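Colleague: work-v7.cif is the file, holding mmCIF, C-alpha atoms:
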```cif
data_work
#
loop_
_atom_site.label_atom_id
_atom_site.label_comp_id
_atom_site.auth_asym_id
_atom_site.auth_seq_id
_atom_site.Cartn_x
_atom_site.Cartn_y
_atom_site.Cartn_z
CA MET A 7 10.97 -11.31 -16.29
CA PRO A 8 9.59 -14.80 -15.56
CA LEU A 9 13.03 -15.66 -14.18
CA MET A 10 13.06 -12.72 -11.76
CA ASP A 11 11.96 -12.84 -8.15
CA SER A 12 10.20 -10.06 -6.26
CA PHE A 13 10.28 -7.72 -3.29
CA ALA A 14 13.63 -5.99 -3.41
CA CYS A 15 15.24 -3.56 -5.82
CA PRO A 16 14.29 -1.70 -9.03
CA PRO A 17 13.67 -3.99 -12.02
CA HIS A 18 15.88 -2.23 -14.59
CA PRO A 19 19.33 -3.10 -13.13
CA SER A 20 18.15 -6.64 -12.47
CA SER A 21 16.90 -7.04 -16.04
CA LEU A 22 20.24 -5.82 -17.40
CA ILE A 23 22.20 -8.34 -15.34
CA VAL A 24 19.84 -11.28 -15.77
CA SER A 25 19.20 -10.75 -19.51
CA LYS A 26 22.77 -10.18 -20.71
CA LYS A 27 23.39 -11.86 -24.03
CA GLU A 28 25.91 -14.47 -22.82
CA ARG A 29 23.15 -16.08 -20.78
CA ARG A 30 21.46 -16.85 -24.11
CA LEU A 31 17.97 -16.13 -22.85
CA VAL A 32 15.15 -16.16 -25.39
CA LYS A 33 13.02 -13.14 -24.55
CA GLY A 34 9.40 -13.48 -25.60
CA SER A 35 6.86 -10.79 -26.35
CA GLY A 36 5.85 -10.71 -22.68
CA PHE A 37 9.14 -9.28 -21.45
CA HIS A 38 8.21 -5.60 -21.74
CA LEU A 39 4.62 -6.37 -20.74
CA ASP A 40 5.96 -7.75 -17.46
CA LEU A 41 7.90 -4.51 -16.89
CA LEU A 42 4.72 -2.52 -17.58
CA LEU A 43 2.66 -4.63 -15.18
CA ILE A 44 5.31 -4.32 -12.47
CA GLY A 45 5.33 -0.54 -12.89
CA VAL A 46 1.54 -0.31 -12.67
CA ALA A 47 1.43 -2.71 -9.72
CA GLY A 48 4.12 -0.65 -7.97
CA GLY A 49 1.97 2.46 -8.18
CA ILE A 50 -1.12 0.65 -6.90
CA CYS A 51 0.79 -1.04 -4.07
CA GLY A 52 2.25 2.32 -3.06
CA LEU A 53 -1.22 3.82 -2.71
CA PHE A 54 -2.35 1.03 -0.37
CA GLY A 55 0.89 0.65 1.59
CA LEU A 56 1.65 -2.78 0.12
CA PRO A 57 5.17 -4.06 -0.75
CA TRP A 58 6.33 -3.27 -4.25
CA GLN A 59 6.58 -6.05 -6.81
CA THR A 60 10.09 -5.48 -8.15
CA ALA A 61 12.93 -7.67 -9.29
CA ALA A 62 15.21 -8.89 -6.50
CA THR A 63 18.72 -8.82 -7.98
CA VAL A 64 20.41 -11.42 -5.77
CA ARG A 65 17.60 -13.98 -5.88
CA SER A 66 16.99 -13.38 -9.58
CA ILE A 67 20.64 -14.06 -10.46
CA ALA A 68 20.68 -17.17 -8.26
CA HIS A 69 17.44 -18.29 -9.92
CA VAL A 70 18.84 -17.95 -13.43
CA ASN A 71 22.12 -19.64 -12.46
CA ALA A 72 20.17 -22.59 -11.05
CA LEU A 73 18.31 -22.99 -14.35
CA THR A 74 21.44 -22.62 -16.49
CA GLN A 75 22.93 -25.59 -18.31
CA MET A 76 26.65 -25.29 -19.03
CA SER A 77 28.58 -27.00 -21.81
CA LYS A 78 30.19 -30.26 -20.71
CA SER A 79 32.78 -30.57 -23.48
CA THR A 80 35.30 -27.72 -23.68
CA ALA A 81 38.87 -27.45 -24.89
CA PRO A 82 41.64 -27.49 -22.24
CA GLY A 83 41.99 -24.07 -20.65
CA GLU A 84 38.73 -22.82 -22.15
CA LYS A 85 35.90 -21.64 -19.92
CA THR A 86 32.63 -23.49 -19.98
CA LYS A 87 29.88 -21.73 -21.88
CA VAL A 88 26.16 -21.46 -21.40
CA GLU A 89 24.21 -23.90 -23.55
CA GLU A 90 20.73 -22.84 -22.50
CA VAL A 91 18.60 -21.62 -19.65
CA LYS A 92 15.44 -23.53 -18.79
CA GLU A 93 13.14 -20.54 -19.11
CA GLN A 94 9.72 -21.14 -17.59
CA ARG A 95 7.32 -19.66 -15.05
CA ILE A 96 6.88 -22.68 -12.81
CA THR A 97 9.80 -22.00 -10.46
CA GLY A 98 8.84 -18.34 -10.18
CA MET A 99 5.28 -19.26 -9.25
CA VAL A 100 6.53 -21.81 -6.72
CA VAL A 101 8.82 -19.21 -5.14
CA ALA A 102 5.96 -16.71 -4.87
CA LEU A 103 3.71 -19.41 -3.39
CA LEU A 104 6.32 -20.38 -0.79
CA VAL A 105 6.85 -16.73 0.14
CA GLY A 106 3.12 -16.45 0.79
CA LEU A 107 3.03 -19.72 2.76
CA SER A 108 5.94 -18.56 4.90
CA MET A 109 3.52 -16.35 6.81
CA GLN A 110 1.64 -19.49 7.87
CA MET A 111 4.83 -21.41 8.67
CA SER A 112 6.32 -18.99 11.17
CA THR A 113 6.48 -21.61 13.95
CA ILE A 114 8.48 -23.96 11.70
CA LEU A 115 10.76 -21.26 10.31
CA GLN A 116 11.60 -20.06 13.81
CA GLN A 117 13.36 -23.39 14.36
CA ILE A 118 15.98 -22.49 11.73
CA PRO A 119 19.08 -20.94 13.41
CA MET A 120 19.77 -17.36 12.38
CA SER A 121 23.36 -18.33 11.56
CA VAL A 122 22.03 -20.69 8.85
CA LEU A 123 19.92 -17.94 7.31
CA PHE A 124 22.79 -15.44 7.42
CA GLY A 125 25.03 -18.04 5.76
CA ILE A 126 22.54 -18.57 2.94
CA PHE A 127 22.12 -14.84 2.35
CA LEU A 128 25.90 -14.32 2.46
CA TYR A 129 26.45 -17.11 -0.06
CA MET A 130 23.79 -15.74 -2.41
CA GLY A 131 25.18 -12.23 -2.14
CA VAL A 132 28.80 -13.22 -2.76
CA THR A 133 28.02 -15.51 -5.70
CA SER A 134 25.94 -12.74 -7.30
CA LEU A 135 28.71 -10.14 -7.10
CA THR A 136 30.53 -11.42 -10.17
CA GLY A 137 27.57 -10.48 -12.35
CA ILE A 138 28.04 -6.80 -11.51
CA GLN A 139 30.41 -4.59 -13.51
CA LEU A 140 31.44 -2.61 -10.43
CA TYR A 141 32.74 -5.78 -8.79
CA GLU A 142 34.66 -6.74 -11.92
CA ARG A 143 36.28 -3.30 -12.14
CA LEU A 144 37.11 -3.46 -8.45
CA MET A 145 38.95 -6.74 -9.01
CA LEU A 146 40.82 -5.25 -11.96
CA MET A 147 42.37 -2.69 -9.62
CA PHE A 148 44.48 -5.55 -8.20
CA ILE A 149 45.32 -7.17 -11.55
CA PRO A 150 48.15 -5.99 -13.84
CA SER A 151 46.89 -4.13 -16.90
CA LYS A 152 48.32 -6.70 -19.32
CA HIS A 153 45.99 -9.33 -17.85
CA HIS A 154 42.81 -7.26 -18.11
CA PRO A 155 39.98 -8.77 -20.19
CA ASP A 156 38.87 -7.32 -23.50
CA HIS A 157 35.84 -5.34 -22.32
CA ASN A 158 34.64 -1.93 -23.49
CA TYR A 159 35.43 -0.23 -20.20
CA VAL A 160 38.97 -1.66 -20.40
CA THR A 161 39.81 -1.00 -24.05
CA LYS A 162 38.12 2.41 -24.36
CA VAL A 163 39.16 3.92 -21.02
CA ARG A 164 42.63 4.37 -19.62
CA THR A 165 43.29 2.20 -16.59
CA TRP A 166 43.80 5.02 -14.09
CA ARG A 167 40.60 6.72 -15.19
CA MET A 168 38.68 3.46 -14.95
CA ASN A 169 40.02 3.02 -11.41
CA LEU A 170 39.05 6.62 -10.60
CA PHE A 171 35.48 5.95 -11.71
CA THR A 172 35.39 2.79 -9.60
CA PHE A 173 36.74 4.69 -6.59
CA ILE A 174 34.03 7.36 -6.95
CA GLN A 175 31.38 4.65 -7.02
CA LEU A 176 32.84 3.07 -3.89
CA VAL A 177 32.80 6.43 -2.10
CA CYS A 178 29.12 6.86 -2.99
CA ILE A 179 28.34 3.37 -1.68
CA VAL A 180 30.19 4.04 1.58
CA ILE A 181 28.34 7.33 2.05
CA LEU A 182 24.98 5.63 1.50
CA TRP A 183 25.92 2.82 3.89
CA VAL A 184 26.95 5.30 6.60
CA ILE A 185 23.70 7.23 6.16
CA LYS A 186 21.65 4.03 6.35
CA SER A 187 23.42 2.98 9.55
CA THR A 188 23.01 6.26 11.47
CA ILE A 189 20.16 8.23 12.97
CA ILE A 190 19.68 10.10 9.67
CA SER A 191 18.65 6.89 7.91
CA LEU A 192 15.24 8.40 7.17
CA ALA A 193 17.01 10.68 4.69
CA PHE A 194 18.46 7.69 2.81
CA PRO A 195 16.04 7.99 -0.18
CA PHE A 196 16.98 11.66 -0.57
CA PHE A 197 20.71 10.89 -0.71
CA LEU A 198 20.03 7.96 -3.03
CA ILE A 199 18.24 10.29 -5.44
CA LEU A 200 21.26 12.62 -5.35
CA THR A 201 23.28 9.95 -7.17
CA VAL A 202 21.27 10.79 -10.31
CA PRO A 203 22.41 14.44 -10.62
CA THR A 204 25.89 13.29 -9.58
CA ARG A 205 26.00 11.03 -12.62
CA ARG A 206 24.24 13.45 -14.95
CA PHE A 207 26.00 16.70 -14.10
CA LEU A 208 29.13 16.13 -12.00
CA LEU A 209 30.77 13.09 -13.57
CA PRO A 210 30.64 14.54 -17.14
CA LYS A 211 32.93 17.29 -15.85
CA VAL A 212 35.53 14.67 -14.91
CA PHE A 213 35.05 12.04 -17.63
CA GLU A 214 34.39 12.27 -21.34
CA GLU A 215 31.02 11.08 -22.61
CA GLY A 216 32.59 8.15 -24.43
CA GLU A 217 34.30 7.03 -21.24
CA LEU A 218 31.05 7.20 -19.29
CA GLN A 219 29.26 5.21 -21.97
CA ALA A 220 31.90 2.50 -21.72
CA LEU A 221 32.02 2.53 -17.92
CA ASP A 222 28.39 2.50 -16.86
CA SER A 223 26.40 1.19 -19.81
CA ASP A 224 25.90 -2.16 -21.45
CA GLU A 225 28.45 -3.37 -23.97
CA LYS A 226 26.46 -3.16 -27.18
CA THR A 227 28.33 -3.82 -30.40
CA ASN A 228 25.49 -2.24 -32.36
CA PRO A 229 23.72 0.76 -30.78
CA ASN A 230 20.57 -0.03 -32.80
CA LEU A 231 20.16 -3.47 -31.24
CA ASP A 232 17.59 -3.77 -28.49
CA GLU A 233 19.50 -6.20 -26.28
CA TYR A 234 20.66 -6.21 -22.70
CA SER A 235 24.21 -7.22 -21.78
CA GLU A 236 26.49 -6.18 -18.97
CA MET A 237 29.04 -8.63 -17.56
CA HIS A 238 29.93 -12.29 -17.76
CA MET A 239 27.85 -14.50 -15.51
CA PRO A 240 29.64 -16.23 -12.63
CA ILE A 241 31.03 -19.55 -13.85
#
```
What does this structure look like when you write it as structure tokens?
Modeller:
Amino acid sequence: MPLMDSFACPPHPSSLIVSKKERRLVKGSGFHLDLLLIGVAGGICGLFGLPWQTAATVRSIAHVNALTQMSKSTAPGEKTKVEEVKEQRITGMVVALLVGLSMQMSTILQQIPMSVLFGIFLYMGVTSLTGIQLYERLMLMFIPSKHHPDHNYVTKVRTWRMNLFTFIQLVCIVILWVIKSTIISLAFPFFLILTVPTRRFLLPKVFEEGELQALDSDEKTNPNLDEYSEMHMPI
């Protein structure tokens, strides 16, 4: 969690993406303590109307990528691999400090054109997409099956059923986006919560349990291992 930034989305998906095993992070004993503190702080902040301290997926992924050192000597045609990530709390503390100072720097920040800010956010969002399994499966819809990578959701699920699962996810995203953009946007949390029973009760009627485990869970080689891994980091 020291490599995660705050004020955005729930911590669990962010922790899965940021802490996947190919990033070679060394998780200390404070990892779960950080999750506990964030949960407690979220409840306290909710009581006083303060913003929740949660892991921001896009900024957290960009943060980890910036601290990642890649291998410089690779064989021809081989992808570069992660050597290490400079795990520390200094950059996280500096980010939090700058976020707080931004309230006192409003006159300076107003001089930045909105197009520049939109460009930065667009760049961060696009570069973070490749760390999400949904995006990878979406790209596989346009790639011949013989060129698909050797992932669990590819080898354990037939291609057309994998594409069907991806299509259902896209439909849910479109529905949520439409709701957020209309006058019924106040009901957005209610419709968001409905995705839970959709996954728990409706999708098992369409897909087998093994398929769902391969499609929407981490790729663990050993179910007894307590490790987080999801998709390859953008390289």
Colleague: Could you work out how far atom CA of A:Gly106 lies from atom CA of A:Ala47, giving the answer in Å with one decimal?
Modeller: 17.4 Å
Colleague: Go through the shown structure with the PyMOL selection byres ((chain A and resi 89-93) around 10) and write out the matching residues as a ChimeraX atom specification.
Modeller: /A:7-9,28-33,70-78,86-88,94-97
Colleague: Could the residues in this selection be written to a file with C-alpha atoms, as a PDB file, in the coordinates of the input?
Modeller:
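So selection_10.pdb came out as:
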```
ATOM      1  CA  MET A   7      10.970 -11.310 -16.290  1.00  0.00           C
ATOM      2  CA  PRO A   8       9.590 -14.800 -15.560  1.00  0.00           C
ATOM      3  CA  LEU A   9      13.030 -15.660 -14.180  1.00  0.00           C
ATOM      4  CA  GLU A  28      25.910 -14.470 -22.820  1.00  0.00           C
ATOM      5  CA  ARG A  29      23.150 -16.080 -20.780  1.00  0.00           C
ATOM      6  CA  ARG A  30      21.460 -16.850 -24.110  1.00  0.00           C
ATOM      7  CA  LEU A  31      17.970 -16.130 -22.850  1.00  0.00           C
ATOM      8  CA  VAL A  32      15.150 -16.160 -25.390  1.00  0.00           C
ATOM      9  CA  LYS A  33      13.020 -13.140 -24.550  1.00  0.00           C
ATOM     10  CA  VAL A  70      18.840 -17.950 -13.430  1.00  0.00           C
ATOM     11  CA  ASN A  71      22.120 -19.640 -12.460  1.00  0.00           C
ATOM     12  CA  ALA A  72      20.170 -22.590 -11.050  1.00  0.00           C
ATOM     13  CA  LEU A  73      18.310 -22.990 -14.350  1.00  0.00           C
ATOM     14  CA  THR A  74      21.440 -22.620 -16.490  1.00  0.00           C
ATOM     15  CA  GLN A  75      22.930 -25.590 -18.310  1.00  0.00           C
ATOM     16  CA  MET A  76      26.650 -25.290 -19.030  1.00  0.00           C
ATOM     17  CA  SER A  77      28.580 -27.000 -21.810  1.00  0.00           C
ATOM     18  CA  LYS A  78      30.190 -30.260 -20.710  1.00  0.00           C
ATOM     19  CA  THR A  86      32.630 -23.490 -19.980  1.00  0.00           C
ATOM     20  CA  LYS A  87      29.880 -21.730 -21.880  1.00  0.00           C
ATOM     21  CA  VAL A  88      26.160 -21.460 -21.400  1.00  0.00           C
ATOM     22  CA  GLN A  94       9.720 -21.140 -17.590  1.00  0.00           C
ATOM     23  CA  ARG A  95       7.320 -19.660 -15.050  1.00  0.00           C
ATOM     24  CA  ILE A  96       6.880 -22.680 -12.810  1.00  0.00           C
ATOM     25  CA  THR A  97       9.800 -22.000 -10.460  1.00  0.00           C
TER      26      THR A  97
END
```
Colleague: Find the residues around A:Gln175 up to 12 Å (all atoms listed in the file counted), leave out those fewer than 5 positions away in its own chain, and share them as a tab-separated table (two decimals) with C-alpha atoms, keeping the file's coordinate frame.
Modeller:
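Saved file selection.tsv follows:
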```
chain	number	residue	atom	x	y	z
A	139	GLN	CA	30.41	-4.59	-13.51
A	140	LEU	CA	31.44	-2.61	-10.43
A	141	TYR	CA	32.74	-5.78	-8.79
A	143	ARG	CA	36.28	-3.30	-12.14
A	144	LEU	CA	37.11	-3.46	-8.45
A	168	MET	CA	38.68	3.46	-14.95
A	169	ASN	CA	40.02	3.02	-11.41
A	170	LEU	CA	39.05	6.62	-10.60
A	180	VAL	CA	30.19	4.04	1.58
A	181	ILE	CA	28.34	7.33	2.05
A	182	LEU	CA	24.98	5.63	1.50
A	201	THR	CA	23.28	9.95	-7.17
A	204	THR	CA	25.89	13.29	-9.58
A	205	ARG	CA	26.00	11.03	-12.62
A	209	LEU	CA	30.77	13.09	-13.57
A	221	LEU	CA	32.02	2.53	-17.92
A	222	ASP	CA	28.39	2.50	-16.86
```
Colleague: With distances taken over only C-alpha atoms, which of A:Phe197, A:Leu192, A:Gly131, A:Phe171 is nearest to A:Ala62?
Modeller: A:Gly131
Colleague: Go through A:Val184, A:Ser66, A:Leu39, A:Ala220 one by one, measure the shortest atom-to-atom distance of each to A:Gly98 using all atoms listed in the file, and give the residue with the smallest value.
Modeller: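 Nearest candidate to A:Gly98 out of A:Val184, A:Ser66, A:Leu39, A:Ala220: A:Ser66.
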Colleague: So, with all atoms listed in the file as the atoms that count, which of A:Met99, A:Met147, A:Met130, A:Leu104 lies closest to A:Arg65?
Modeller: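 Counting all atoms listed in the file, the residue closest to A:Arg65 is A:Met130.
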Colleague: Any chance you could work out the residue set of the PyMOL selection byres ((chain A and resi 217) around 9) here, as a list of chain:residue names?
Modeller: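 Listing what the PyMOL selection byres ((chain A and resi 217) around 9) selects in the shown file: A:Tyr159, A:Lys162, A:Val163, A:Arg164, A:Arg167, A:Met168, A:Phe213, A:Glu214, A:Glu215, A:Gly216, A:Leu218, A:Gln219, A:Ala220, A:Leu221, A:Asp222.
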Colleague: Taking all atoms of stretch 213-216 of chain A that the file lists and extending 4 Å past them on each side, where is the centre of the axis-aligned box and how long are its edges? Answer in Å to one decimal, as lines of an AutoDock Vina configuration file.
Modeller:
```
center_x = 33.0
center_y = 10.2
center_z = -21.0
size_x = 12.0
size_y = 12.1
size_z = 14.8
```
Colleague: Rank nothing, just name the residue among A:Gln110, A:Ser191, A:Ser79, A:Ser151 nearest to A:Trp166, using all atoms listed in the file.
Modeller: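 Of A:Gln110, A:Ser191, A:Ser79, A:Ser151, the one nearest A:Trp166, counting all atoms listed in the file, is A:Ser151.
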Colleague: Could you pull stretch 136-233 of chain A out of the structure just shown and give C-alpha atoms as a PDB file, in the first residue's frame?
Modeller:
```pdb
ATOM      1  CA  THR A 136      -3.124  -2.536 -20.099  1.00  0.00           C
ATOM      2  CA  GLY A 137      -2.926  -3.567 -16.449  1.00  0.00           C
ATOM      3  CA  ILE A 138      -6.605  -4.529 -16.455  1.00  0.00           C
ATOM      4  CA  GLN A 139      -7.758  -7.995 -17.520  1.00  0.00           C
ATOM      5  CA  LEU A 140     -10.927  -6.632 -19.131  1.00  0.00           C
ATOM      6  CA  TYR A 141      -8.849  -4.512 -21.506  1.00  0.00           C
ATOM      7  CA  GLU A 142      -6.642  -7.480 -22.394  1.00  0.00           C
ATOM      8  CA  ARG A 143      -9.669  -9.672 -23.136  1.00  0.00           C
ATOM      9  CA  LEU A 144     -11.193  -6.877 -25.184  1.00  0.00           C
ATOM     10  CA  MET A 145      -8.052  -6.738 -27.324  1.00  0.00           C
ATOM     11  CA  LEU A 146      -8.127 -10.518 -27.748  1.00  0.00           C
ATOM     12  CA  MET A 147     -11.496 -10.210 -29.478  1.00  0.00           C
ATOM     13  CA  PHE A 148      -9.618  -8.714 -32.456  1.00  0.00           C
ATOM     14  CA  ILE A 149      -6.703 -11.169 -32.410  1.00  0.00           C
ATOM     15  CA  PRO A 150      -6.813 -14.647 -33.999  1.00  0.00           C
ATOM     16  CA  SER A 151      -7.085 -17.434 -31.437  1.00  0.00           C
ATOM     17  CA  LYS A 152      -3.749 -18.969 -32.437  1.00  0.00           C
ATOM     18  CA  HIS A 153      -1.985 -15.785 -31.309  1.00  0.00           C
ATOM     19  CA  HIS A 154      -3.644 -15.593 -27.883  1.00  0.00           C
ATOM     20  CA  PRO A 155      -1.289 -15.602 -24.866  1.00  0.00           C
ATOM     21  CA  ASP A 156      -1.087 -18.492 -22.440  1.00  0.00           C
ATOM     22  CA  HIS A 157      -3.305 -17.118 -19.662  1.00  0.00           C
ATOM     23  CA  ASN A 158      -5.811 -18.981 -17.494  1.00  0.00           C
ATOM     24  CA  TYR A 159      -8.814 -17.238 -19.011  1.00  0.00           C
ATOM     25  CA  VAL A 160      -7.539 -18.224 -22.477  1.00  0.00           C
ATOM     26  CA  THR A 161      -6.530 -21.838 -21.879  1.00  0.00           C
ATOM     27  CA  LYS A 162      -9.396 -22.804 -19.555  1.00  0.00           C
ATOM     28  CA  VAL A 163     -12.261 -21.039 -21.353  1.00  0.00           C
ATOM     29  CA  ARG A 164     -13.374 -21.422 -24.936  1.00  0.00           C
ATOM     30  CA  THR A 165     -12.799 -18.298 -26.999  1.00  0.00           C
ATOM     31  CA  TRP A 166     -16.443 -17.561 -27.764  1.00  0.00           C
ATOM     32  CA  ARG A 167     -17.402 -17.893 -24.113  1.00  0.00           C
ATOM     33  CA  MET A 168     -14.532 -15.644 -23.065  1.00  0.00           C
ATOM     34  CA  ASN A 169     -15.750 -13.060 -25.584  1.00  0.00           C
ATOM     35  CA  LEU A 170     -19.309 -13.444 -24.266  1.00  0.00           C
ATOM     36  CA  PHE A 171     -18.124 -12.698 -20.733  1.00  0.00           C
ATOM     37  CA  THR A 172     -16.229  -9.650 -21.990  1.00  0.00           C
ATOM     38  CA  PHE A 173     -19.307  -8.446 -23.887  1.00  0.00           C
ATOM     39  CA  ILE A 174     -21.463  -8.756 -20.749  1.00  0.00           C
ATOM     40  CA  GLN A 175     -18.940  -6.690 -18.809  1.00  0.00           C
ATOM     41  CA  LEU A 176     -18.956  -4.031 -21.528  1.00  0.00           C
ATOM     42  CA  VAL A 177     -22.753  -3.880 -21.446  1.00  0.00           C
ATOM     43  CA  CYS A 178     -22.654  -3.346 -17.671  1.00  0.00           C
ATOM     44  CA  ILE A 179     -20.092  -0.560 -18.084  1.00  0.00           C
ATOM     45  CA  VAL A 180     -22.185   1.147 -20.766  1.00  0.00           C
ATOM     46  CA  ILE A 181     -25.297   0.945 -18.578  1.00  0.00           C
ATOM     47  CA  LEU A 182     -23.434   2.482 -15.633  1.00  0.00           C
ATOM     48  CA  TRP A 183     -22.015   5.221 -17.860  1.00  0.00           C
ATOM     49  CA  VAL A 184     -25.459   6.075 -19.241  1.00  0.00           C
ATOM     50  CA  ILE A 185     -26.911   6.202 -15.730  1.00  0.00           C
ATOM     51  CA  LYS A 186     -24.075   8.447 -14.535  1.00  0.00           C
ATOM     52  CA  SER A 187     -24.601  10.824 -17.454  1.00  0.00           C
ATOM     53  CA  THR A 188     -28.386  11.263 -17.092  1.00  0.00           C
ATOM     54  CA  ILE A 189     -30.740  12.835 -14.591  1.00  0.00           C
ATOM     55  CA  ILE A 190     -30.938   9.542 -12.660  1.00  0.00           C
ATOM     56  CA  SER A 191     -27.257   9.770 -11.746  1.00  0.00           C
ATOM     57  CA  LEU A 192     -28.184   9.888  -8.057  1.00  0.00           C
ATOM     58  CA  ALA A 193     -29.167   6.225  -8.398  1.00  0.00           C
ATOM     59  CA  PHE A 194     -25.701   5.297  -9.674  1.00  0.00           C
ATOM     60  CA  PRO A 195     -24.573   3.651  -6.374  1.00  0.00           C
ATOM     61  CA  PHE A 196     -27.709   1.490  -6.393  1.00  0.00           C
ATOM     62  CA  PHE A 197     -27.056   0.221  -9.929  1.00  0.00           C
ATOM     63  CA  LEU A 198     -23.386  -0.270  -9.081  1.00  0.00           C
ATOM     64  CA  ILE A 199     -24.352  -2.500  -6.163  1.00  0.00           C
ATOM     65  CA  LEU A 200     -26.554  -4.535  -8.519  1.00  0.00           C
ATOM     66  CA  THR A 201     -23.413  -5.768 -10.276  1.00  0.00           C
ATOM     67  CA  VAL A 202     -22.715  -7.914  -7.194  1.00  0.00           C
ATOM     68  CA  PRO A 203     -25.876 -10.078  -7.429  1.00  0.00           C
ATOM     69  CA  THR A 204     -25.399 -10.119 -11.204  1.00  0.00           C
ATOM     70  CA  ARG A 205     -22.024 -11.779 -10.715  1.00  0.00           C
ATOM     71  CA  ARG A 206     -23.106 -13.990  -7.825  1.00  0.00           C
ATOM     72  CA  PHE A 207     -26.442 -15.274  -9.099  1.00  0.00           C
ATOM     73  CA  LEU A 208     -26.945 -14.529 -12.807  1.00  0.00           C
ATOM     74  CA  LEU A 209     -23.565 -15.258 -14.378  1.00  0.00           C
ATOM     75  CA  PRO A 210     -23.275 -18.746 -12.753  1.00  0.00           C
ATOM     76  CA  LYS A 211     -26.373 -19.670 -14.764  1.00  0.00           C
ATOM     77  CA  VAL A 212     -24.510 -18.863 -17.987  1.00  0.00           C
ATOM     78  CA  PHE A 213     -20.935 -19.877 -17.142  1.00  0.00           C
ATOM     79  CA  GLU A 214     -19.471 -22.782 -15.225  1.00  0.00           C
ATOM     80  CA  GLU A 215     -17.757 -22.038 -11.926  1.00  0.00           C
ATOM     81  CA  GLY A 216     -14.361 -22.993 -13.318  1.00  0.00           C
ATOM     82  CA  GLU A 217     -14.823 -20.565 -16.197  1.00  0.00           C
ATOM     83  CA  LEU A 218     -15.760 -17.748 -13.842  1.00  0.00           C
ATOM     84  CA  GLN A 219     -12.743 -18.473 -11.668  1.00  0.00           C
ATOM     85  CA  ALA A 220     -10.490 -18.212 -14.713  1.00  0.00           C
ATOM     86  CA  LEU A 221     -12.217 -15.126 -16.113  1.00  0.00           C
ATOM     87  CA  ASP A 222     -12.566 -12.814 -13.139  1.00  0.00           C
ATOM     88  CA  SER A 223     -10.028 -13.955 -10.558  1.00  0.00           C
ATOM     89  CA  ASP A 224      -6.284 -13.776 -10.195  1.00  0.00           C
ATOM     90  CA  GLU A 225      -4.143 -16.382 -11.921  1.00  0.00           C
ATOM     91  CA  LYS A 226      -2.860 -18.349  -8.956  1.00  0.00           C
ATOM     92  CA  THR A 227      -0.889 -21.479  -9.712  1.00  0.00           C
ATOM     93  CA  ASN A 228      -1.349 -22.624  -6.123  1.00  0.00           C
ATOM     94  CA  PRO A 229      -4.695 -21.819  -4.446  1.00  0.00           C
ATOM     95  CA  ASN A 230      -3.005 -21.946  -1.018  1.00  0.00           C
ATOM     96  CA  LEU A 231      -0.618 -19.118  -1.843  1.00  0.00           C
ATOM     97  CA  ASP A 232      -1.498 -15.713  -0.476  1.00  0.00           C
ATOM     98  CA  GLU A 233      -0.359 -13.664  -3.460  1.00  0.00           C
TER      99      GLU A 233
END
```
